[in-house]
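Take a look at the structure set out below.
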Amino acid sequence: MNLPLDQILAGDCIEVMNSLPEKSIDLVFADPPYNLQLQGELHRPNMTRVDGVEDDWDRFDSFEAYDAFTRGWLTACRRVLKPTGAIWVIGSYHNIFRVGAILQDLGFWILNDVVWIKTNPMPNFRGVRFTNAHETLIWASTGKRARYTFNHHAMKNLNDEKQMRSDWWLLPLAAGPERLKDENGAKAHSTQKPEALLYRVLLASSNPGDVVLDPFFGSGTTGVVAKRLHRHWIGIEKEARYIELARRRIDAVQPEAFDPAVFDVRARSKTTPRVPFASLLEHGLLRPGQTLFFMKDLSRSAVIKPDGRLRAADGFEGSIHAAGSHLMDGAPCNGWQHWYLQENGRWVSLAEIRERYRQGNGG
Ligand SMILES: C[S@@+](CC[C@H](N)C(=O)[O-])C[C@H]1O[C@@H](n2cnc3c(N)ncnc32)[C@H](O)[C@@H]1O
């Protein structure tokens with residue numbers, strides 16, 4: 001069966017997921033019912049009604065019923081995920097601990113819990129508890145030793161060159177013009193998530209062309225961001241009114257043209273084939289016997305042997321990395337960046353020569 005890519009599938013997510021081929025999905029993002037257990041209507045001090053989540057889809061009779069439902073859909077997710085896939089589940093204190101335990105019981109391996117700190121939380125109107133100012137996202141791989149995608153460098157770039165932390169302060173965009181309204185100006189979906197949140201999730205843990213599944217699609221935030229980032233998406237939603245809302249919203253998204261060199265943020269070492277140093281000799285970009293200079297100290301040089309090893313002036317022989325490390329008292333050395341040669345009066349690094357080789361070989 002071909003995957004129904006870039007489509008919203010109507011129905012109960014467990015049934016729909018069980019109709020999809022197993023091991024076919026790269027990433028699941030799930031924003032399940034929170035089981036908020038709101039008792040009756042909630043009013044502000046001025047007696048206006050709080051527009052919370054009171055939808056039927058959020059009601060469960062007991063924790064047992066909620067757990068059985070959670071186990072059901074997480075099991076269905078596990079079946080469709082590739083072994084290298086991963087899952088994100090977002091929730092609040094009402095449900096996230098139950099979800100976390102069930103994830104672990106089913107064999108998922110929790111990689112992080114991320115807190116999305118809200119800059120515009122709803123106050124605790126009755127003043128009997130702290131303002132609940134965050135939601136929690138659990139990110140899990142399919143097992144303890146499973147490989148998974150993490151675009152570490154992209155996350156660092158998003159965070160001013162510092163490693164991204166697990167506390168996310170995101171602008172409250174889903175409250176601004178991004179927030180979908182119905183014909184009466186009320187929220188069209190009570191729990192529409194900010195696109196900024198999905199942007200970070202998808203950029204961190206998927207790559208262009210990957211298939212992202214959202215079993216609780218709602219207003220389609222996952223589809224919007226996936227489309228912009230050139231990921232495939234599949235949404236499952238049981239309410240017809242939300243399906244229509246999401247479809248219109250996603251249709252309006254016009255992504256920029258796909259260019260893998262632009263949209264693929266993986267480290268270059270993963271997207272480009274490795275080039276063995278000796279290939280540069282075989283293909284005539286370097287010559288055996290040629291002298292290379294060590295950029296940190298240009299008085300030090302080494303000669304290229306026909307098999308790709310370097311021979312230093314003191315007789316040391318080894319790879320470009322080992323010979324560089326030898327000159328740096330054993331410190332780790334990336335030879336591609338440290339060894340240079342002169343070309344028409346210009347210093348050219350081995351990394352630049354390797355780039356020429358890649359260009360010439362379609363790499
Ligand atoms: C918390 S909301 C998701 C909101 C979404 N992340 C967004 O940004 O709009 C959960 C959604 O799941 C849907 N839903 C609840 N139970 C479902 C089920 N068993 N199968 C499919 N959809 C379900 C609800 O109708 C609701 O739209």
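Numbering starts fresh at 1 for the residues of each chain in the structure tokens, the chains themselves are lettered A, B, ... in the order given, and ligands are numbered from 1 as they appear.
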**Study point:** Nearby polymer residues, ligand 1, at most 8 Å, only C-alpha atoms and all ligand atoms, as a PyMOL selection string
**Key:** chain A and resi 10-14+30-34+57-58+73+189-195+215-222+236-239+242+246
Please build the interface table for segment 118-225 of chain A against segment 252-258 of chain A with a cut-off of 10 Å, listing for each qualifying residue the nearest atom pair and the distance in Å to one decimal; count only C-alpha atoms, order rows by chain and increasing number, and write it as JSON lines.
{"residue": "A:Pro208", "atom": "CA", "partner": "A:Phe258", "partner_atom": "CA", "distance": 9.0}
{"residue": "A:Gly223", "atom": "CA", "partner": "A:Val253", "partner_atom": "CA", "distance": 9.6}
{"residue": "A:Val224", "atom": "CA", "partner": "A:Val253", "partner_atom": "CA", "distance": 6.7}
{"residue": "A:Val225", "atom": "CA", "partner": "A:Val253", "partner_atom": "CA", "distance": 8.9}
Kindly save the residues from that selection, with C-alpha atoms included, as an mmCIF file, in the first residue's frame.
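Result written to again.cif:
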data_model
loop_
_atom_site.group_PDB
_atom_site.id
_atom_site.type_symbol
_atom_site.label_atom_id
_atom_site.label_comp_id
_atom_site.auth_asym_id
_atom_site.auth_seq_id
_atom_site.Cartn_x
_atom_site.Cartn_y
_atom_site.Cartn_z
ATOM 1 C CA PRO A 208 13.234 17.037 4.004
ATOM 2 C CA GLY A 223 0.794 20.061 8.332
ATOM 3 C CA VAL A 224 1.370 23.786 7.874
ATOM 4 C CA VAL A 225 4.919 23.662 9.194
#
**Study point:** Point-to-point distance in Å for atom CA of Leu286 of chain A and atom CA of Asn344 of chain A
**Key:**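 Computed distance, atom CA of Asn344 of chain A to atom CA of Leu286 of chain A, equals 14.7 Å.
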Review point. Looking at only C-alpha atoms, which of A:Trp233, A:Tyr148, A:Tyr340, A:Tyr199 is the one that sits closest to Gln290 of chain A?
Key: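 Among the listed residues, A:Tyr340 lies closest to Gln290 of chain A.
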Going by DSSP on the backbone, which residues of segment 61-211 of chain A come out as alpha helix (DSSP H)? List them as a CSV table (one decimal) with N, CA and C atoms, in the first residue's frame.
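What follows is the written file result.csv:
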chain,number,residue,atom,x,y,z
A,63,PHE,N,-9.2,7.7,35.0
A,63,PHE,CA,-7.8,7.6,34.6
A,63,PHE,C,-7.6,6.3,33.8
A,64,GLU,N,-8.3,5.2,34.3
A,64,GLU,CA,-8.2,3.9,33.6
A,64,GLU,C,-8.6,4.0,32.1
A,65,ALA,N,-9.7,4.7,31.9
A,65,ALA,CA,-10.2,4.9,30.5
A,65,ALA,C,-9.2,5.7,29.7
A,66,TYR,N,-8.6,6.7,30.3
A,66,TYR,CA,-7.6,7.5,29.6
A,66,TYR,C,-6.3,6.7,29.3
A,67,ASP,N,-5.9,5.9,30.3
A,67,ASP,CA,-4.7,5.1,30.1
A,67,ASP,C,-4.9,4.1,29.0
A,68,ALA,N,-6.1,3.5,28.9
A,68,ALA,CA,-6.4,2.4,27.9
A,68,ALA,C,-6.4,3.1,26.5
A,69,PHE,N,-7.0,4.3,26.4
A,69,PHE,CA,-6.9,5.0,25.2
A,69,PHE,C,-5.5,5.4,24.8
A,70,THR,N,-4.7,5.8,25.8
A,70,THR,CA,-3.3,6.2,25.5
A,70,THR,C,-2.5,5.0,25.0
A,71,ARG,N,-2.7,3.9,25.7
A,71,ARG,CA,-1.9,2.7,25.4
A,71,ARG,C,-2.3,2.3,23.9
A,72,GLY,N,-3.6,2.4,23.6
A,72,GLY,CA,-4.0,2.0,22.3
A,72,GLY,C,-3.4,2.9,21.2
A,73,TRP,N,-3.4,4.2,21.3
A,73,TRP,CA,-2.9,5.0,20.2
A,73,TRP,C,-1.3,5.0,20.1
A,74,LEU,N,-0.7,4.8,21.3
A,74,LEU,CA,0.8,4.8,21.3
A,74,LEU,C,1.2,3.4,20.7
A,75,THR,N,0.5,2.4,20.9
A,75,THR,CA,0.8,1.1,20.3
A,75,THR,C,0.7,1.2,18.8
A,76,ALA,N,-0.4,1.9,18.4
A,76,ALA,CA,-0.6,2.0,16.9
A,76,ALA,C,0.6,2.9,16.3
A,77,CYS,N,1.0,3.9,17.1
A,77,CYS,CA,2.2,4.7,16.6
A,77,CYS,C,3.4,3.8,16.5
A,78,ARG,N,3.6,3.0,17.4
A,78,ARG,CA,4.8,2.2,17.5
A,78,ARG,C,4.9,1.3,16.2
A,79,ARG,N,3.7,0.8,15.8
A,79,ARG,CA,3.7,-0.1,14.7
A,79,ARG,C,4.0,0.6,13.4
A,80,VAL,N,3.6,1.8,13.3
A,80,VAL,CA,3.8,2.5,12.0
A,80,VAL,C,5.2,3.2,11.9
A,96,ILE,N,0.5,14.2,31.2
A,96,ILE,CA,1.9,13.9,30.6
A,96,ILE,C,2.6,12.8,31.4
A,97,PHE,N,2.3,12.7,32.7
A,97,PHE,CA,3.0,11.7,33.5
A,97,PHE,C,2.5,10.3,33.1
A,98,ARG,N,1.2,10.2,32.9
A,98,ARG,CA,0.6,8.9,32.5
A,98,ARG,C,1.2,8.6,31.1
A,99,VAL,N,1.2,9.6,30.2
A,99,VAL,CA,1.7,9.3,28.8
A,99,VAL,C,3.2,8.8,28.9
A,100,GLY,N,4.0,9.5,29.8
A,100,GLY,CA,5.4,9.1,29.9
A,100,GLY,C,5.6,7.7,30.4
A,101,ALA,N,4.8,7.3,31.4
A,101,ALA,CA,5.0,5.9,31.9
A,101,ALA,C,4.6,4.9,30.8
A,102,ILE,N,3.5,5.2,30.1
A,102,ILE,CA,3.0,4.2,29.1
A,102,ILE,C,4.0,4.1,27.9
A,103,LEU,N,4.6,5.3,27.6
A,103,LEU,CA,5.7,5.3,26.5
A,103,LEU,C,6.8,4.3,27.0
A,104,GLN,N,7.2,4.4,28.2
A,104,GLN,CA,8.3,3.6,28.7
A,104,GLN,C,7.8,2.1,28.7
A,105,ASP,N,6.6,1.9,29.2
A,105,ASP,CA,6.1,0.5,29.2
A,105,ASP,C,6.1,-0.2,27.9
A,152,HIS,N,21.5,18.6,15.5
A,152,HIS,CA,22.2,19.3,16.6
A,152,HIS,C,22.7,20.7,16.1
A,153,HIS,N,23.3,20.7,14.9
A,153,HIS,CA,23.9,22.0,14.5
A,153,HIS,C,22.8,23.0,14.1
A,154,ALA,N,21.7,22.5,13.6
A,154,ALA,CA,20.6,23.4,13.2
A,154,ALA,C,20.0,24.0,14.5
A,155,MET,N,19.9,23.2,15.5
A,155,MET,CA,19.4,23.7,16.8
A,155,MET,C,20.3,24.7,17.4
A,156,LYS,N,21.6,24.5,17.3
A,156,LYS,CA,22.6,25.5,17.8
A,156,LYS,C,22.4,26.8,17.0
A,157,ASN,N,22.3,26.7,15.7
A,157,ASN,CA,22.1,27.9,14.9
A,157,ASN,C,20.9,28.7,15.3
A,158,LEU,N,19.9,27.9,15.6
A,158,LEU,CA,18.6,28.6,16.0
A,158,LEU,C,18.8,29.3,17.4
A,195,GLU,N,2.8,27.7,15.6
A,195,GLU,CA,3.6,27.2,14.5
A,195,GLU,C,5.1,27.1,14.9
A,196,ALA,N,5.5,28.1,15.8
A,196,ALA,CA,6.9,28.2,16.2
A,196,ALA,C,7.3,26.9,16.9
A,197,LEU,N,6.4,26.3,17.7
A,197,LEU,CA,6.7,25.1,18.4
A,197,LEU,C,6.9,23.9,17.4
A,198,LEU,N,6.1,23.8,16.4
A,198,LEU,CA,6.2,22.7,15.5
A,198,LEU,C,7.5,23.0,14.6
A,199,TYR,N,7.8,24.2,14.3
A,199,TYR,CA,9.0,24.5,13.5
A,199,TYR,C,10.2,23.9,14.2
A,200,ARG,N,10.3,24.2,15.5
A,200,ARG,CA,11.5,23.7,16.2
A,200,ARG,C,11.5,22.2,16.3
A,201,VAL,N,10.3,21.6,16.5
A,201,VAL,CA,10.2,20.1,16.6
A,201,VAL,C,10.6,19.5,15.3
A,202,LEU,N,10.1,20.0,14.2
A,202,LEU,CA,10.3,19.3,12.9
A,202,LEU,C,11.7,19.6,12.4
A,203,LEU,N,12.2,20.8,12.7
A,203,LEU,CA,13.6,21.1,12.2
A,203,LEU,C,14.6,20.2,13.0
A,204,ALA,N,14.3,20.0,14.3
A,204,ALA,CA,15.3,19.3,15.1
A,204,ALA,C,15.3,17.8,14.8
A,205,SER,N,14.1,17.2,14.4
A,205,SER,CA,14.1,15.8,14.5
A,205,SER,C,13.5,15.2,13.2
Point to revise | Which of segment 111-286 of chain A DSSP labels strand (DSSP E or B), written as a PyMOL selection string | key: chain A and resi 111-118+134-141+167-170+181+187+211-214+232-237
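Excluding Phe108 of chain A itself and same-chain residues fewer than 4 positions from it, the residues having an atom within 8 Å of it are A:Leu103, A:Gln104, A:Ala140, A:Ser141, A:Thr142, A:Gly143, A:Lys144, counting only C-alpha atoms.
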Same residues, C-alpha atoms, output as a PDB file, in the first residue's frame:
ATOM      1  CA  LEU A 103       5.686   5.257  26.530  1.00  0.00           C
ATOM      2  CA  GLN A 104       8.309   3.553  28.672  1.00  0.00           C
ATOM      3  CA  ALA A 140      11.294   9.460  22.550  1.00  0.00           C
ATOM      4  CA  SER A 141      13.035   7.090  20.178  1.00  0.00           C
ATOM      5  CA  THR A 142      11.758   3.592  19.437  1.00  0.00           C
ATOM      6  CA  GLY A 143      14.188   1.925  21.862  1.00  0.00           C
ATOM      7  CA  LYS A 144      17.272   2.354  23.989  1.00  0.00           C
TER       8      LYS A 144
END
Exercise for review: For Pro288 of chain A, list every protein, DNA or RNA residue within 7 Å, evaluated using only C-alpha atoms, and leave out those in the same chain fewer than 6 positions away; present the list as a ChimeraX atom specification.
Suggested key: /A:281,304-306
Go ahead and write the selection's residues with C-alpha atoms as a short mmCIF file (atom, residue, chain, number, x, y, z; two decimals), in the first residue's frame.
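Produced file part-v7.cif, reproduced below:
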data_model
loop_
_atom_site.label_atom_id
_atom_site.label_comp_id
_atom_site.auth_asym_id
_atom_site.auth_seq_id
_atom_site.Cartn_x
_atom_site.Cartn_y
_atom_site.Cartn_z
CA LEU A 281 45.90 11.75 -5.53
CA ILE A 304 52.50 13.49 0.47
CA LYS A 305 53.32 9.79 -0.01
CA PRO A 306 51.70 7.95 -2.95
#
Review point. Near Lys82 of chain A, within 7 Å and counting only C-alpha atoms, which residues show up once chain neighbours fewer than 5 positions away are dropped, as a PyMOL selection string?
Key: chain A and resi 23-26
**Study point:** Selection: 12 Å around Gly318 of chain A, only C-alpha atoms, excl. self and same-chain fewer than 2 positions, as a PyMOL selection string
**Key:** chain A and resi 277+302-305+307-312+315-316+320-327+335
Saved selection, atoms kept: C-alpha atoms, as a short mmCIF file (atom, residue, chain, number, x, y, z; two decimals), in the first residue's frame:
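Resulting contents of selection35.cif:
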data_model
loop_
_atom_site.label_atom_id
_atom_site.label_comp_id
_atom_site.auth_asym_id
_atom_site.auth_seq_id
_atom_site.Cartn_x
_atom_site.Cartn_y
_atom_site.Cartn_z
CA PHE A 277 42.31 11.75 1.09
CA ALA A 302 55.12 17.32 5.28
CA VAL A 303 55.35 15.50 1.99
CA ILE A 304 52.50 13.49 0.47
CA LYS A 305 53.32 9.79 -0.01
CA ASP A 307 49.35 6.03 -0.58
CA GLY A 308 47.92 9.21 0.96
CA ARG A 309 49.97 9.26 4.16
CA LEU A 310 52.05 12.32 5.02
CA ARG A 311 55.73 12.14 5.92
CA ALA A 312 56.82 14.90 8.31
CA GLY A 315 60.23 11.05 9.82
CA PHE A 316 56.75 10.66 11.38
CA ILE A 320 46.63 13.94 7.37
CA HIS A 321 44.90 13.92 10.76
CA ALA A 322 47.56 11.90 12.57
CA ALA A 323 50.39 14.00 11.08
CA GLY A 324 48.60 17.19 12.17
CA SER A 325 48.02 15.79 15.63
CA HIS A 326 51.72 14.83 15.80
CA LEU A 327 52.62 18.51 15.26
CA GLY A 335 43.86 17.53 8.71
#
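Among the candidates A:Lys118, A:Leu213, A:Asp259, A:Gly284, the one nearest to Val16 of chain A when counting only C-alpha atoms is A:Leu213.
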Check your understanding: Which neighbours of Pro260 of chain A fall inside 12 Å, counting only C-alpha atoms, when residues of the same chain fewer than 2 positions from it are skipped, and could you give them as a count of residues only?
Key -> 17
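Of the listed residues A:Asn18, A:Ser166, A:Thr131, A:Asn95, the one whose atoms come nearest to Asn112 of chain A is A:Ser166, with distances taken using only C-alpha atoms.
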